[in-house]
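This report refers to the structure that appears directly beneath it.
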Amino acid sequence: MRKPGIAITGIGTANPLGVSWEETARNLLAGRSGVRTLTRFDASRLGTRFAGQIDTIPAPPGIVAADFARLERMDQLLLWCASDALRRSGLWDKRSSLRLGIVLGNGGEWLRLWEAEGLAGGTRIRNPALDTETSAQALRRRLELNGPVLTVAAACASGNYAFGEARRWLDAGWVDVCLAGAVDLTVSPLGLAGFGSLRALSTRNDAPEKASRPFDKERDGFVMAEGGALYVLERVDDARKRGADIHAEIVGFGASSDAFHLIIPSSDAQPAANAMSQALADAGISYEQVGYINAHATSTPIGDPGEARAVKMVFGETASRVPISSTKSMTGHLICAAAAVEVIACIAAFNNQAIPPTINLDELDPECAGLCHIANEAQPRRVEFALSNSFGFGGSNTCLALQKSE
């Protein structure tokens with residue numbers, strides 16, 4: 001008998017496609033791109049001059065706009081996502097009386113602060129040991145929470161690791177409720193210059209909305225993006241007992257490591273396939289039950305075919321019948337926050353019984369053939385279970401299994 005899943009009862013997000021999960025879901029299903037020419041800073045000297053951006057992070061209700069504007073941008077993003085998720089879950093007014101933990105996927109936190117200091121003309125040498133309050137700890141203080149706090153940094157797999165750890169906390173009874181997800185604000189001069197130096201980014205500056213093209217023969221690199229999403233997670237029985245709306249259930253998690261290279265994915269697809277197989281086994285479901293795969297596919301020459309091979313290893317002949325898409329074609333790649341935002345794509349598939357597409361998939365790369373690609377337009381499909389892949393730099397492979405709420 002399969003063990004109960006973990007209920008998602010609140011969602012807060014800000015990303016290139018919206019500042020609510022409903023707006024994000026609508027734009028994903030409509031096949032809209034959130035990628036455009038950079039406007040927040042001067043990118044004229046960079047090889048890549050576009051990204052997925054957030055125009056404005058809303059101030060949560062009850063916070064004076066001027067006070068919110070003075071917060072560092074990461075603190076704004078976290079406060080918005082967490083507050084919106086808690087309010088939507090119905091737990092906002094009860095938050096201080098619960099053992100409410102935070103598991104946050106976040107990477108390069110100190111690098112972001114060093115960059116801001118340097119660009120402002122400062123000369124301070126920052127030492128993380130002296131900057132004792134992390135963004136996650138500051139969020140707990142501002143929300144007056146009393147549960148444990150953990151930051152997870154596993155590059156592009158950070159969000160899925162955060163969900164897996166939060167699930168473990170809830171299963172073990174260490175917390176009553178957990179805020180879990182990931183945020184990233186790597187769209188900056190340093191971020192674009194760094195990934196540009198690795199030759200990892202698309203340079204399609206004349207058509208930014210066409211630049212992210214997972215699985216497409218003409219892809220030339222990934223597109224950076226910013227934002228994040230936080231989710232209120234609780235045990236299913238607890239959520240049902242209080243009459244909460246359950247958006248979906250987390251029912252399985254799998255992880256593996258390539259142990260191959262700091263940046264380049266391994267040519268051996270077996271480790272990535274292992275993460276998917278583990279998630280299925282953990283969820284207690286078979287590959288025949290999966291109705292949607294949200295692919296990690298970032299629009300890189302090596303990564304996309306590798307994931308296609310991994311899917312075929314796990315699903316065999318069924319791979320040609322399981323709908324798959326990469327929503328990074330619309331959002332861009334949110335790096336540490338990618339997995340967190342992509343859970344919204346799975347929830348959109350559950351709620352609408354339709355698959356968000358991979359846009360810009362005009363000519364399929366033969367190396368990515370053999371899968372059921374949902375190209376350019378959403379398609380109606382029956383979806384009860386979904387897998388969400390996130391494969392991070394350094395070979396961190398993760399897969400999250402989700403189930404439609406009853």
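Each chain of the structure tokens is named A, B, ... in the order shown, its residues numbered from 1; ligands are numbered from 1 in display order.
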
Within 12 Å of Asp245 in chain A, counting only C-alpha atoms, which residues qualify if same-chain residues fewer than 5 places away don't, as a count of residues only? 18

Considering only C-alpha atoms, return as an mmCIF file with C-alpha atoms, in the first residue's frame whatever protein or nucleic-acid residues lie within 6 Å of range 22-34 of chain A, sequence-local ones (same chain, fewer than 4 positions apart) excluded.
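Output file around.cif follows:
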data_model
loop_
_atom_site.group_PDB
_atom_site.id
_atom_site.type_symbol
_atom_site.label_atom_id
_atom_site.label_comp_id
_atom_site.auth_asym_id
_atom_site.auth_seq_id
_atom_site.Cartn_x
_atom_site.Cartn_y
_atom_site.Cartn_z
ATOM 1 C CA PRO A 16 9.026 35.911 -15.660
ATOM 2 C CA LEU A 17 5.482 34.654 -16.367
ATOM 3 C CA GLY A 18 3.663 36.097 -13.379
ATOM 4 C CA GLY A 52 13.648 36.117 -18.114
ATOM 5 C CA GLU A 209 11.651 35.196 -27.120
ATOM 6 C CA MET A 330 8.905 30.044 -21.801
ATOM 7 C CA THR A 331 10.378 30.992 -18.432
ATOM 8 C CA ALA A 348 -1.443 23.378 -14.322
ATOM 9 C CA PRO A 356 2.046 22.963 -21.240
ATOM 10 C CA ALA A 378 -0.810 22.894 -25.155
#

Write out as a PyMOL selection string which residues come within 12 Å of Asn360 in chain A when counting only C-alpha atoms, dropping same-chain ones fewer than 4 positions away. chain A and resi 31-33+207-219+299+325-330+364+373-377

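Using only C-alpha atoms, the shortest contact distance between Val290 in chain A and any of A:Asp268, A:Leu86, A:Thr203, A:Leu400 is found at A:Leu400.
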
I need the residues of range 94-202 of chain A that end up classed as alpha helix (DSSP H) by DSSP on the backbone, written out as an MDAnalysis selection string. chainID A and resid 109:119 135:143 158:172 189:197

DSSP strand (DSSP E or B) residues within range 161-399 of chain A, as a PyMOL selection string: chain A and resi 177-184+201+216+222+224-225+227-235+248-257+290-294+323-325+333+354-355+358+364+372-373+375+379-380+385-392+396-399

Requested write-out: C-alpha atoms of the selected residues, as a PDB file, in the first residue's frame:
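Final file, result13.pdb:
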ATOM      1  CA  VAL A 177       3.960  22.617   8.323  1.00  0.00           C
ATOM      2  CA  CYS A 178       6.873  23.459   6.040  1.00  0.00           C
ATOM      3  CA  LEU A 179       7.572  26.246   3.598  1.00  0.00           C
ATOM      4  CA  ALA A 180       9.644  24.716   0.819  1.00  0.00           C
ATOM      5  CA  GLY A 181      10.853  25.823  -2.589  1.00  0.00           C
ATOM      6  CA  ALA A 182      13.625  27.878  -4.097  1.00  0.00           C
ATOM      7  CA  VAL A 183      14.560  31.364  -5.260  1.00  0.00           C
ATOM      8  CA  ASP A 184      17.342  32.741  -7.432  1.00  0.00           C
ATOM      9  CA  LEU A 201      24.170  30.909 -22.960  1.00  0.00           C
ATOM     10  CA  ASP A 216      15.216  21.938 -31.073  1.00  0.00           C
ATOM     11  CA  PHE A 222      20.191  28.263 -22.305  1.00  0.00           C
ATOM     12  CA  MET A 224      19.000  32.832 -17.754  1.00  0.00           C
ATOM     13  CA  ALA A 225      15.991  33.836 -15.697  1.00  0.00           C
ATOM     14  CA  GLY A 227      12.436  34.424  -9.598  1.00  0.00           C
ATOM     15  CA  GLY A 228      11.203  31.631  -7.416  1.00  0.00           C
ATOM     16  CA  ALA A 229       8.322  29.848  -5.741  1.00  0.00           C
ATOM     17  CA  LEU A 230       7.548  28.735  -2.201  1.00  0.00           C
ATOM     18  CA  TYR A 231       4.944  26.146  -1.236  1.00  0.00           C
ATOM     19  CA  VAL A 232       3.108  25.376   1.975  1.00  0.00           C
ATOM     20  CA  LEU A 233       3.499  21.647   2.577  1.00  0.00           C
ATOM     21  CA  GLU A 234       1.677  19.612   5.212  1.00  0.00           C
ATOM     22  CA  ARG A 235       0.634  16.047   5.859  1.00  0.00           C
ATOM     23  CA  ALA A 248      -1.367  18.419  -5.573  1.00  0.00           C
ATOM     24  CA  GLU A 249       0.525  15.830  -3.541  1.00  0.00           C
ATOM     25  CA  ILE A 250       4.247  15.133  -3.491  1.00  0.00           C
ATOM     26  CA  VAL A 251       4.420  11.344  -3.571  1.00  0.00           C
ATOM     27  CA  GLY A 252       7.998  10.483  -4.563  1.00  0.00           C
ATOM     28  CA  PHE A 253      11.554  11.759  -4.821  1.00  0.00           C
ATOM     29  CA  GLY A 254      14.695  10.362  -6.420  1.00  0.00           C
ATOM     30  CA  ALA A 255      18.284  11.613  -6.561  1.00  0.00           C
ATOM     31  CA  SER A 256      21.608  10.510  -7.993  1.00  0.00           C
ATOM     32  CA  SER A 257      24.980  11.924  -9.005  1.00  0.00           C
ATOM     33  CA  VAL A 290       2.824   8.752 -15.583  1.00  0.00           C
ATOM     34  CA  GLY A 291       0.800  11.239 -17.643  1.00  0.00           C
ATOM     35  CA  TYR A 292       3.355  14.057 -17.944  1.00  0.00           C
ATOM     36  CA  ILE A 293       7.095  14.615 -17.660  1.00  0.00           C
ATOM     37  CA  ASN A 294       8.262  18.158 -17.045  1.00  0.00           C
ATOM     38  CA  PRO A 323       3.814  13.591 -22.955  1.00  0.00           C
ATOM     39  CA  ILE A 324       6.969  15.573 -22.231  1.00  0.00           C
ATOM     40  CA  SER A 325       7.746  19.285 -22.406  1.00  0.00           C
ATOM     41  CA  HIS A 333      16.269  28.787 -16.773  1.00  0.00           C
ATOM     42  CA  ALA A 354      -3.656  19.625 -20.515  1.00  0.00           C
ATOM     43  CA  ILE A 355       0.104  19.655 -21.081  1.00  0.00           C
ATOM     44  CA  THR A 358       7.763  23.334 -25.342  1.00  0.00           C
ATOM     45  CA  LEU A 364      13.271  18.355 -33.492  1.00  0.00           C
ATOM     46  CA  CYS A 372       6.132  12.330 -27.077  1.00  0.00           C
ATOM     47  CA  HIS A 373       7.063  16.019 -27.399  1.00  0.00           C
ATOM     48  CA  ALA A 375       5.442  21.224 -29.253  1.00  0.00           C
ATOM     49  CA  GLN A 379      -2.547  19.567 -25.698  1.00  0.00           C
ATOM     50  CA  PRO A 380      -5.406  18.017 -23.698  1.00  0.00           C
ATOM     51  CA  PHE A 385       0.759  11.517 -12.006  1.00  0.00           C
ATOM     52  CA  ALA A 386       3.613  13.717 -13.210  1.00  0.00           C
ATOM     53  CA  LEU A 387       7.389  13.651 -12.951  1.00  0.00           C
ATOM     54  CA  SER A 388       9.475  16.814 -12.751  1.00  0.00           C
ATOM     55  CA  ASN A 389      13.155  16.423 -13.609  1.00  0.00           C
ATOM     56  CA  SER A 390      15.864  18.799 -12.427  1.00  0.00           C
ATOM     57  CA  PHE A 391      19.499  18.044 -13.141  1.00  0.00           C
ATOM     58  CA  GLY A 392      22.025  20.416 -11.592  1.00  0.00           C
ATOM     59  CA  SER A 396      23.091  16.463  -9.180  1.00  0.00           C
ATOM     60  CA  ASN A 397      20.141  14.598 -10.703  1.00  0.00           C
ATOM     61  CA  THR A 398      16.704  14.798  -9.092  1.00  0.00           C
ATOM     62  CA  CYS A 399      13.166  13.771  -9.946  1.00  0.00           C
TER      63      CYS A 399
END

Would you compute the distance between CA of Gly12 in chain A and CA of Asp84 in chain A? Give it in Å to one decimal. 4.9 Å

A straight line from CA of Thr151 in chain A to CA of Gly107 in chain A spans 8.7 Å

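Distances here use only C-alpha atoms; by that measure, the residue among A:Glu384, A:Asp171, A:Asp55, A:Asp258 closest to Ala349 in chain A is A:Glu384.
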
With only C-alpha atoms as the counted atoms, please give the residues lying no more than 12 Å from Glu317 in chain A, apart from itself and same-chain residues fewer than 2 positions off, as a list of chain:residue names. A:Tyr287, A:Glu288, A:Val311, A:Lys312, A:Met313, A:Val314, A:Phe315, A:Ala319, A:Ser320, A:Arg321, A:Val322, A:Gly370, A:Leu371, A:Cys372

Show which residues sit within 10 Å of Arg99 in chain A, as a list of chain:residue names. Count only C-alpha atoms, and ignore same-chain residues fewer than 5 positions away. A:Leu145, A:Asn146, A:Gly147, A:Pro148, A:Gly173, A:Trp174, A:Val175, A:Asp176, A:Val177, A:Cys178

Would you mind listing what lies within 6 Å of Phe50 in chain A as a PyMOL selection string, with only C-alpha atoms counted and same-chain residues fewer than 6 positions away left out? chain A and resi 36-38
